[in-house]
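Comments concern the structure below.
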Amino acid sequence: MKPAGAAALRADYPEGGEVILRAEAIAARVSALGEEISRDYAGRDPLLVTIMKGGIVFLADLMRAVQIPHQVDIMVVSTYPQGTRSSGVVRILTDLSVSIEKRHVIIVEDIVDTGLTLNYLREMLLARRPASLTICALLEKERHRAASPPLDYVGFRIPDRFVVGYGLDADEFYRHLPDLVAIPERT
Ligand code: PRP
């Protein structure tokens, strides 16, 4: 097993990166989240909605950990970036393919930073009259942001650092890394 910390053991890891969550720890937590959701949503056939592209890896693992009948759908969304920070301006590139009216919807997000993206999406989806709407975020930055809606399921609270891997990118690279890796902040 590779040590936490230095990420230089694979050539495709970012230089100067530091592993802050290993794949094994992520897998265990995702499995626990799946069990929790399975209990909470028994008999309700929830619809898991993920936000691309960052949520793709999380959804792929979470849906296999949810052991009750459910469906999945995706939205492709992008926030206009400002360096490594999101600006809060959300652009919907591809909308859901199904109606969510009267459905029990769970938004599956990879990371909540400012919370602006989720806030925007939550309001938009609530206007479509789902039976219920909850949020499952794998990662939440430790600093609390007033803009963030309440999170119903959280995988990990992480330090306020720029992270890549497990679906998260820097300039579209590193999404494939199995670990979560913090990289030096860019300007
Ligand atoms: C990232 C991430 C969240 C959002 C969180 O998306 O996937 O959707 O930023 O930031 P916030 O809480 O400050 O709003 P990004 O726009 O980088 O697109 P991606 O999912 O394609 O990586």
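Ligands are numbered from 1 in the order shown, residues from 1 within each chain, and chains are lettered A, B, ... in the order they appear in the structure tokens.
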Given 6 Å and only C-alpha atoms and all ligand atoms, residues near ligand 1 as a PyMOL selection string: chain A and resi 52-54+78-79+86+88+110-117+168-169
Considering only C-alpha atoms, return as a ChimeraX atom specification whatever protein or nucleic-acid residues lie within 8 Å of Phe162 of chain A, sequence-local ones (same chain, fewer than 2 positions apart) excluded. /A:84,160,164,182-185
Could the residues in this selection be written to a file with N, CA and C atoms, as a PDB file, in the first residue's frame?
ATOM      1  N   THR A  84      -8.189  28.834  -9.566  1.00  0.00           N
ATOM      2  CA  THR A  84      -8.662  27.551  -9.059  1.00  0.00           C
ATOM      3  C   THR A  84      -9.940  27.720  -8.242  1.00  0.00           C
ATOM      4  N   ASP A 160      -9.202  23.507   3.253  1.00  0.00           N
ATOM      5  CA  ASP A 160      -9.440  24.436   2.147  1.00  0.00           C
ATOM      6  C   ASP A 160      -8.233  24.443   1.208  1.00  0.00           C
ATOM      7  N   VAL A 164      -7.516  17.372  -6.563  1.00  0.00           N
ATOM      8  CA  VAL A 164      -7.788  16.701  -7.841  1.00  0.00           C
ATOM      9  C   VAL A 164      -7.859  15.192  -7.586  1.00  0.00           C
ATOM     10  N   ALA A 182      -4.094  16.805  -3.046  1.00  0.00           N
ATOM     11  CA  ALA A 182      -4.040  18.273  -2.943  1.00  0.00           C
ATOM     12  C   ALA A 182      -2.846  18.765  -3.742  1.00  0.00           C
ATOM     13  N   ILE A 183      -3.069  19.831  -4.504  1.00  0.00           N
ATOM     14  CA  ILE A 183      -1.962  20.397  -5.284  1.00  0.00           C
ATOM     15  C   ILE A 183      -1.772  21.859  -4.902  1.00  0.00           C
ATOM     16  N   PRO A 184      -0.567  22.367  -5.139  1.00  0.00           N
ATOM     17  CA  PRO A 184      -0.316  23.771  -4.807  1.00  0.00           C
ATOM     18  C   PRO A 184      -1.295  24.680  -5.542  1.00  0.00           C
ATOM     19  N   GLU A 185      -1.759  25.677  -4.823  1.00  0.00           N
ATOM     20  CA  GLU A 185      -2.736  26.618  -5.388  1.00  0.00           C
ATOM     21  C   GLU A 185      -2.139  27.409  -6.529  1.00  0.00           C
TER      22      GLU A 185
END
Within 9 Å of segment 126-138 of chain A using only C-alpha atoms, minus same-chain residues under 4 positions, as a PyMOL selection string: chain A and resi 26+29-30+33+55+58+99-112+118+121-122+149-157
Residues just named, written with N, CA, C and O atoms as a short mmCIF file (atom, residue, chain, number, x, y, z; two decimals), in the first residue's frame:
data_model
loop_
_atom_site.label_atom_id
_atom_site.label_comp_id
_atom_site.auth_asym_id
_atom_site.auth_seq_id
_atom_site.Cartn_x
_atom_site.Cartn_y
_atom_site.Cartn_z
N ILE A 26 -11.69 6.23 0.53
CA ILE A 26 -12.84 6.73 -0.24
C ILE A 26 -13.84 5.59 -0.46
O ILE A 26 -15.04 5.75 -0.26
N ARG A 29 -15.89 4.80 2.63
CA ARG A 29 -16.88 5.84 2.95
C ARG A 29 -18.05 5.82 1.95
O ARG A 29 -19.20 5.99 2.34
N VAL A 30 -17.74 5.62 0.69
CA VAL A 30 -18.80 5.57 -0.33
C VAL A 30 -19.72 4.39 -0.06
O VAL A 30 -20.95 4.48 -0.18
N LEU A 33 -22.01 5.39 2.72
CA LEU A 33 -23.04 6.32 2.24
C LEU A 33 -24.13 5.56 1.48
O LEU A 33 -25.31 5.85 1.62
N GLY A 55 -18.72 14.80 -10.80
CA GLY A 55 -19.41 13.78 -10.03
C GLY A 55 -19.40 12.39 -10.64
O GLY A 55 -19.91 11.44 -10.06
N PHE A 58 -17.72 9.49 -8.55
CA PHE A 58 -18.49 9.29 -7.31
C PHE A 58 -19.80 8.58 -7.62
O PHE A 58 -20.18 7.62 -6.95
N SER A 99 -38.28 13.91 -16.27
CA SER A 99 -38.96 14.81 -15.35
C SER A 99 -38.70 14.35 -13.92
O SER A 99 -38.66 13.15 -13.64
N ILE A 100 -38.53 15.31 -13.01
CA ILE A 100 -38.31 14.93 -11.61
C ILE A 100 -39.55 15.22 -10.77
O ILE A 100 -39.52 15.05 -9.55
N GLU A 101 -40.64 15.63 -11.41
CA GLU A 101 -41.86 15.92 -10.66
C GLU A 101 -42.29 14.67 -9.89
O GLU A 101 -42.35 13.57 -10.46
N LYS A 102 -42.55 14.86 -8.60
CA LYS A 102 -43.00 13.79 -7.69
C LYS A 102 -41.94 12.70 -7.48
O LYS A 102 -42.25 11.63 -6.94
N ARG A 103 -40.72 12.93 -7.90
CA ARG A 103 -39.66 11.94 -7.67
C ARG A 103 -38.88 12.31 -6.40
O ARG A 103 -38.80 13.46 -6.01
N HIS A 104 -38.28 11.30 -5.81
CA HIS A 104 -37.38 11.52 -4.68
C HIS A 104 -35.97 11.65 -5.26
O HIS A 104 -35.38 10.67 -5.71
N VAL A 105 -35.49 12.89 -5.27
CA VAL A 105 -34.24 13.19 -5.96
C VAL A 105 -33.09 13.37 -4.96
O VAL A 105 -33.25 14.01 -3.91
N ILE A 106 -31.97 12.77 -5.30
CA ILE A 106 -30.74 12.97 -4.52
C ILE A 106 -29.70 13.57 -5.45
O ILE A 106 -29.32 12.95 -6.45
N ILE A 107 -29.27 14.79 -5.15
CA ILE A 107 -28.19 15.39 -5.94
C ILE A 107 -26.87 14.79 -5.46
O ILE A 107 -26.57 14.79 -4.26
N VAL A 108 -26.09 14.28 -6.39
CA VAL A 108 -24.81 13.65 -6.07
C VAL A 108 -23.69 14.56 -6.57
O VAL A 108 -23.49 14.70 -7.79
N GLU A 109 -23.00 15.21 -5.64
CA GLU A 109 -21.95 16.18 -6.00
C GLU A 109 -20.59 15.68 -5.55
O GLU A 109 -20.48 15.01 -4.51
N ASP A 110 -19.57 16.02 -6.29
CA ASP A 110 -18.24 15.63 -5.86
C ASP A 110 -17.72 16.52 -4.74
O ASP A 110 -17.21 16.04 -3.75
N ILE A 111 -17.88 17.85 -4.91
CA ILE A 111 -17.30 18.74 -3.90
C ILE A 111 -18.13 20.00 -3.75
O ILE A 111 -18.67 20.52 -4.72
N VAL A 112 -18.24 20.44 -2.50
CA VAL A 112 -18.89 21.72 -2.20
C VAL A 112 -17.81 22.65 -1.68
O VAL A 112 -17.18 22.36 -0.66
N LEU A 118 -24.26 24.44 -5.94
CA LEU A 118 -25.36 23.64 -5.39
C LEU A 118 -26.57 24.49 -5.08
O LEU A 118 -27.71 24.07 -5.28
N LEU A 121 -28.37 25.09 -8.31
CA LEU A 121 -29.02 23.88 -8.85
C LEU A 121 -30.19 23.43 -7.99
O LEU A 121 -31.22 23.00 -8.50
N ARG A 122 -30.03 23.56 -6.70
CA ARG A 122 -31.10 23.15 -5.78
C ARG A 122 -32.36 23.97 -6.04
O ARG A 122 -33.47 23.42 -6.14
N PRO A 149 -26.32 25.28 0.60
CA PRO A 149 -27.53 24.72 1.21
C PRO A 149 -27.13 23.60 2.17
O PRO A 149 -26.00 23.11 2.13
N PRO A 150 -28.05 23.17 3.05
CA PRO A 150 -27.72 22.08 3.97
C PRO A 150 -27.39 20.80 3.20
O PRO A 150 -28.04 20.49 2.20
N LEU A 151 -26.37 20.09 3.67
CA LEU A 151 -25.96 18.85 3.02
C LEU A 151 -26.48 17.67 3.83
O LEU A 151 -26.24 17.59 5.04
N ASP A 152 -27.21 16.78 3.19
CA ASP A 152 -27.83 15.67 3.90
C ASP A 152 -26.87 14.51 4.12
O ASP A 152 -26.93 13.82 5.12
N TYR A 153 -25.98 14.30 3.16
CA TYR A 153 -24.97 13.24 3.27
C TYR A 153 -23.62 13.84 2.86
O TYR A 153 -23.53 14.45 1.80
N VAL A 154 -22.62 13.64 3.70
CA VAL A 154 -21.29 14.17 3.39
C VAL A 154 -20.27 13.05 3.59
O VAL A 154 -20.28 12.36 4.62
N GLY A 155 -19.40 12.87 2.58
CA GLY A 155 -18.38 11.84 2.70
C GLY A 155 -17.24 12.27 3.61
O GLY A 155 -16.96 11.62 4.62
N PHE A 156 -16.63 13.38 3.29
CA PHE A 156 -15.48 13.87 4.05
C PHE A 156 -15.49 15.40 4.10
O PHE A 156 -15.86 16.04 3.12
N ARG A 157 -15.07 15.94 5.24
CA ARG A 157 -14.77 17.37 5.31
C ARG A 157 -13.26 17.51 5.13
O ARG A 157 -12.50 16.84 5.82
#
Enumerate the residues of chain A with a DSSP assignment of strand (DSSP E), computed from the backbone, and present them as a short mmCIF file (atom, residue, chain, number, x, y, z; two decimals) with N, CA, C and O atoms, in the first residue's frame.
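Contents of the output file out13.cif:
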data_model
loop_
_atom_site.label_atom_id
_atom_site.label_comp_id
_atom_site.auth_asym_id
_atom_site.auth_seq_id
_atom_site.Cartn_x
_atom_site.Cartn_y
_atom_site.Cartn_z
N GLY A 5 0.48 11.11 1.77
CA GLY A 5 1.48 12.16 1.68
C GLY A 5 2.00 12.25 0.27
O GLY A 5 1.25 12.53 -0.65
N ALA A 6 3.28 11.98 0.11
CA ALA A 6 3.90 12.16 -1.20
C ALA A 6 3.16 11.40 -2.29
O ALA A 6 2.79 10.25 -2.13
N GLU A 18 -0.05 16.10 -2.86
CA GLU A 18 -0.05 15.36 -1.60
C GLU A 18 -1.35 14.58 -1.49
O GLU A 18 -2.43 15.16 -1.57
N VAL A 19 -1.23 13.27 -1.33
CA VAL A 19 -2.43 12.44 -1.19
C VAL A 19 -3.10 12.75 0.14
O VAL A 19 -2.49 12.58 1.19
N ILE A 20 -4.33 13.22 0.10
CA ILE A 20 -5.01 13.49 1.37
C ILE A 20 -6.12 12.47 1.67
O ILE A 20 -6.53 12.33 2.81
N LEU A 21 -6.57 11.76 0.63
CA LEU A 21 -7.50 10.64 0.87
C LEU A 21 -7.12 9.51 -0.07
O LEU A 21 -7.10 9.68 -1.29
N LEU A 47 -34.11 8.92 -7.44
CA LEU A 47 -33.39 9.26 -8.67
C LEU A 47 -32.10 9.97 -8.25
O LEU A 47 -32.15 11.04 -7.63
N LEU A 48 -30.98 9.36 -8.56
CA LEU A 48 -29.69 9.97 -8.25
C LEU A 48 -29.28 10.86 -9.42
O LEU A 48 -29.14 10.38 -10.55
N VAL A 49 -29.11 12.14 -9.13
CA VAL A 49 -28.75 13.09 -10.18
C VAL A 49 -27.35 13.59 -9.92
O VAL A 49 -27.07 14.18 -8.87
N THR A 50 -26.46 13.33 -10.84
CA THR A 50 -25.11 13.81 -10.62
C THR A 50 -24.77 14.98 -11.52
O THR A 50 -25.38 15.20 -12.57
N ILE A 51 -23.80 15.74 -11.06
CA ILE A 51 -23.37 16.94 -11.75
C ILE A 51 -22.04 16.63 -12.41
O ILE A 51 -21.05 16.38 -11.75
N MET A 52 -22.07 16.63 -13.73
CA MET A 52 -20.84 16.36 -14.49
C MET A 52 -19.98 17.61 -14.55
O MET A 52 -20.51 18.71 -14.51
N GLN A 71 -32.83 4.95 -9.93
CA GLN A 71 -32.42 5.35 -11.26
C GLN A 71 -31.36 6.44 -11.16
O GLN A 71 -31.22 7.07 -10.11
N VAL A 72 -30.66 6.67 -12.26
CA VAL A 72 -29.65 7.74 -12.26
C VAL A 72 -29.88 8.63 -13.49
O VAL A 72 -30.41 8.20 -14.50
N ASP A 73 -29.47 9.87 -13.34
CA ASP A 73 -29.50 10.80 -14.47
C ASP A 73 -28.36 11.80 -14.25
O ASP A 73 -27.79 11.87 -13.16
N ILE A 74 -28.04 12.53 -15.30
CA ILE A 74 -26.92 13.46 -15.19
C ILE A 74 -27.31 14.85 -15.68
O ILE A 74 -28.19 15.02 -16.51
N MET A 75 -26.61 15.83 -15.13
CA MET A 75 -26.64 17.18 -15.67
C MET A 75 -25.20 17.56 -15.94
O MET A 75 -24.32 17.24 -15.14
N VAL A 76 -24.98 18.21 -17.04
CA VAL A 76 -23.62 18.72 -17.30
C VAL A 76 -23.64 20.21 -17.00
O VAL A 76 -24.42 20.96 -17.58
N VAL A 77 -22.82 20.58 -16.05
CA VAL A 77 -22.81 21.94 -15.54
C VAL A 77 -21.37 22.41 -15.47
O VAL A 77 -20.46 21.64 -15.23
N SER A 78 -21.18 23.68 -15.66
CA SER A 78 -19.84 24.23 -15.49
C SER A 78 -19.94 25.56 -14.79
O SER A 78 -20.86 26.34 -15.04
N THR A 79 -19.02 25.79 -13.86
CA THR A 79 -18.94 27.12 -13.26
C THR A 79 -17.81 27.85 -13.95
O THR A 79 -16.79 27.25 -14.25
N TYR A 80 -18.02 29.10 -14.20
CA TYR A 80 -16.94 29.88 -14.82
C TYR A 80 -15.82 30.03 -13.80
O TYR A 80 -16.02 30.59 -12.73
N PRO A 81 -14.64 29.51 -14.09
CA PRO A 81 -13.58 29.54 -13.09
C PRO A 81 -12.87 30.89 -12.99
O PRO A 81 -12.87 31.66 -13.94
N GLN A 82 -12.34 31.13 -11.81
CA GLN A 82 -11.43 32.27 -11.60
C GLN A 82 -10.19 31.66 -10.97
O GLN A 82 -10.18 31.43 -9.78
N ARG A 85 -10.53 28.89 -8.25
CA ARG A 85 -11.77 29.13 -7.51
C ARG A 85 -12.95 29.18 -8.48
O ARG A 85 -12.81 29.65 -9.59
N SER A 86 -14.12 28.74 -8.02
CA SER A 86 -15.28 28.91 -8.88
C SER A 86 -15.87 30.29 -8.63
O SER A 86 -15.74 30.87 -7.56
N SER A 87 -16.51 30.81 -9.67
CA SER A 87 -17.02 32.17 -9.60
C SER A 87 -18.46 32.22 -9.10
O SER A 87 -18.95 33.28 -8.74
N GLY A 88 -19.13 31.06 -9.10
CA GLY A 88 -20.53 31.04 -8.69
C GLY A 88 -21.48 31.26 -9.84
O GLY A 88 -22.69 31.19 -9.67
N VAL A 89 -20.94 31.54 -11.02
CA VAL A 89 -21.80 31.69 -12.20
C VAL A 89 -21.92 30.33 -12.85
O VAL A 89 -20.93 29.75 -13.30
N VAL A 90 -23.14 29.77 -12.85
CA VAL A 90 -23.35 28.40 -13.29
C VAL A 90 -23.91 28.36 -14.70
O VAL A 90 -24.84 29.09 -15.03
N ARG A 91 -23.34 27.49 -15.47
CA ARG A 91 -23.79 27.34 -16.86
C ARG A 91 -24.28 25.90 -17.03
O ARG A 91 -23.52 24.95 -16.76
N ILE A 92 -25.53 25.72 -17.46
CA ILE A 92 -26.05 24.37 -17.69
C ILE A 92 -25.79 24.00 -19.15
O ILE A 92 -26.33 24.59 -20.07
N LEU A 93 -24.96 22.99 -19.34
CA LEU A 93 -24.60 22.57 -20.70
C LEU A 93 -25.55 21.49 -21.20
O LEU A 93 -25.90 21.46 -22.37
N THR A 94 -25.96 20.59 -20.31
CA THR A 94 -26.93 19.54 -20.66
C THR A 94 -27.87 19.34 -19.49
O THR A 94 -27.42 19.15 -18.35
N HIS A 104 -38.28 11.30 -5.81
CA HIS A 104 -37.38 11.52 -4.68
C HIS A 104 -35.97 11.65 -5.26
O HIS A 104 -35.38 10.67 -5.71
N VAL A 105 -35.49 12.89 -5.27
CA VAL A 105 -34.24 13.19 -5.96
C VAL A 105 -33.09 13.37 -4.96
O VAL A 105 -33.25 14.01 -3.91
N ILE A 106 -31.97 12.77 -5.30
CA ILE A 106 -30.74 12.97 -4.52
C ILE A 106 -29.70 13.57 -5.45
O ILE A 106 -29.32 12.95 -6.45
N ILE A 107 -29.27 14.79 -5.15
CA ILE A 107 -28.19 15.39 -5.94
C ILE A 107 -26.87 14.79 -5.46
O ILE A 107 -26.57 14.79 -4.26
N VAL A 108 -26.09 14.28 -6.39
CA VAL A 108 -24.81 13.65 -6.07
C VAL A 108 -23.69 14.56 -6.57
O VAL A 108 -23.49 14.70 -7.79
N GLU A 109 -23.00 15.21 -5.64
CA GLU A 109 -21.95 16.18 -6.00
C GLU A 109 -20.59 15.68 -5.55
O GLU A 109 -20.48 15.01 -4.51
N ASP A 110 -19.57 16.02 -6.29
CA ASP A 110 -18.24 15.63 -5.86
C ASP A 110 -17.72 16.52 -4.74
O ASP A 110 -17.21 16.04 -3.75
N ILE A 111 -17.88 17.85 -4.91
CA ILE A 111 -17.30 18.74 -3.90
C ILE A 111 -18.13 20.00 -3.75
O ILE A 111 -18.67 20.52 -4.72
N VAL A 112 -18.24 20.44 -2.50
CA VAL A 112 -18.89 21.72 -2.20
C VAL A 112 -17.81 22.65 -1.68
O VAL A 112 -17.18 22.36 -0.66
N SER A 132 -39.19 15.03 -3.03
CA SER A 132 -38.19 15.43 -2.03
C SER A 132 -36.88 15.66 -2.75
O SER A 132 -36.68 15.18 -3.88
N LEU A 133 -36.02 16.43 -2.10
CA LEU A 133 -34.72 16.73 -2.71
C LEU A 133 -33.66 16.77 -1.62
O LEU A 133 -33.77 17.56 -0.68
N THR A 134 -32.68 15.89 -1.71
CA THR A 134 -31.59 15.93 -0.75
C THR A 134 -30.27 16.00 -1.50
O THR A 134 -30.22 15.87 -2.72
N ILE A 135 -29.21 16.24 -0.74
CA ILE A 135 -27.89 16.42 -1.35
C ILE A 135 -26.90 15.46 -0.72
O ILE A 135 -26.81 15.35 0.51
N CYS A 136 -26.17 14.77 -1.58
CA CYS A 136 -25.10 13.87 -1.13
C CYS A 136 -23.79 14.37 -1.74
O CYS A 136 -23.62 14.30 -2.96
N ALA A 137 -22.93 14.90 -0.92
CA ALA A 137 -21.65 15.43 -1.41
C ALA A 137 -20.51 14.57 -0.87
O ALA A 137 -20.46 14.28 0.32
N LEU A 138 -19.63 14.16 -1.75
CA LEU A 138 -18.48 13.38 -1.27
C LEU A 138 -17.57 14.24 -0.41
O LEU A 138 -17.11 13.81 0.64
N LEU A 139 -17.32 15.46 -0.85
CA LEU A 139 -16.35 16.33 -0.17
C LEU A 139 -16.98 17.68 0.16
O LEU A 139 -17.70 18.25 -0.66
N GLU A 140 -16.68 18.15 1.36
CA GLU A 140 -17.09 19.50 1.74
C GLU A 140 -15.87 20.20 2.30
O GLU A 140 -15.19 19.67 3.18
N LYS A 141 -15.60 21.39 1.80
CA LYS A 141 -14.47 22.15 2.36
C LYS A 141 -14.82 22.55 3.79
O LYS A 141 -15.95 22.91 4.09
N TYR A 153 -25.98 14.30 3.16
CA TYR A 153 -24.97 13.24 3.27
C TYR A 153 -23.62 13.84 2.86
O TYR A 153 -23.53 14.45 1.80
N VAL A 154 -22.62 13.64 3.70
CA VAL A 154 -21.29 14.17 3.39
C VAL A 154 -20.27 13.05 3.59
O VAL A 154 -20.28 12.36 4.62
N GLY A 155 -19.40 12.87 2.58
CA GLY A 155 -18.38 11.84 2.70
C GLY A 155 -17.24 12.27 3.61
O GLY A 155 -16.96 11.62 4.62
N PHE A 156 -16.63 13.38 3.29
CA PHE A 156 -15.48 13.87 4.05
C PHE A 156 -15.49 15.40 4.10
O PHE A 156 -15.86 16.04 3.12
N ARG A 157 -15.07 15.94 5.24
CA ARG A 157 -14.77 17.37 5.31
C ARG A 157 -13.26 17.51 5.13
O ARG A 157 -12.50 16.84 5.82
N ILE A 158 -12.87 18.34 4.18
CA ILE A 158 -11.44 18.44 3.85
C ILE A 158 -10.96 19.87 4.02
O ILE A 158 -11.76 20.82 3.99
N PHE A 162 -6.79 23.07 -2.88
CA PHE A 162 -7.25 22.67 -4.22
C PHE A 162 -6.95 21.19 -4.41
O PHE A 162 -5.80 20.75 -4.26
N VAL A 163 -7.99 20.41 -4.72
CA VAL A 163 -7.81 18.96 -4.80
C VAL A 163 -8.20 18.43 -6.17
O VAL A 163 -9.09 18.97 -6.85
N VAL A 164 -7.52 17.37 -6.56
CA VAL A 164 -7.79 16.70 -7.84
C VAL A 164 -7.86 15.19 -7.59
O VAL A 164 -7.45 14.69 -6.54
N LEU A 180 -7.45 11.08 -3.74
CA LEU A 180 -7.70 12.53 -3.75
C LEU A 180 -6.38 13.21 -3.40
O LEU A 180 -5.77 12.89 -2.37
N VAL A 181 -5.94 14.11 -4.25
CA VAL A 181 -4.61 14.69 -4.13
C VAL A 181 -4.71 16.22 -4.07
O VAL A 181 -5.35 16.84 -4.91
N ALA A 182 -4.09 16.81 -3.05
CA ALA A 182 -4.04 18.27 -2.94
C ALA A 182 -2.85 18.77 -3.74
O ALA A 182 -1.76 18.18 -3.68
N ILE A 183 -3.07 19.83 -4.50
CA ILE A 183 -1.96 20.40 -5.28
C ILE A 183 -1.77 21.86 -4.90
O ILE A 183 -2.69 22.50 -4.40
#
Give me, please, the distance in Å between atom CA of Val57 of chain A and atom CA of Asp45 of chain A, quoted to one decimal. 21.5 Å
What are the DSSP alpha helix (DSSP H) residues of chain A, as a ChimeraX atom specification? /A:23-40,56-65,116-126
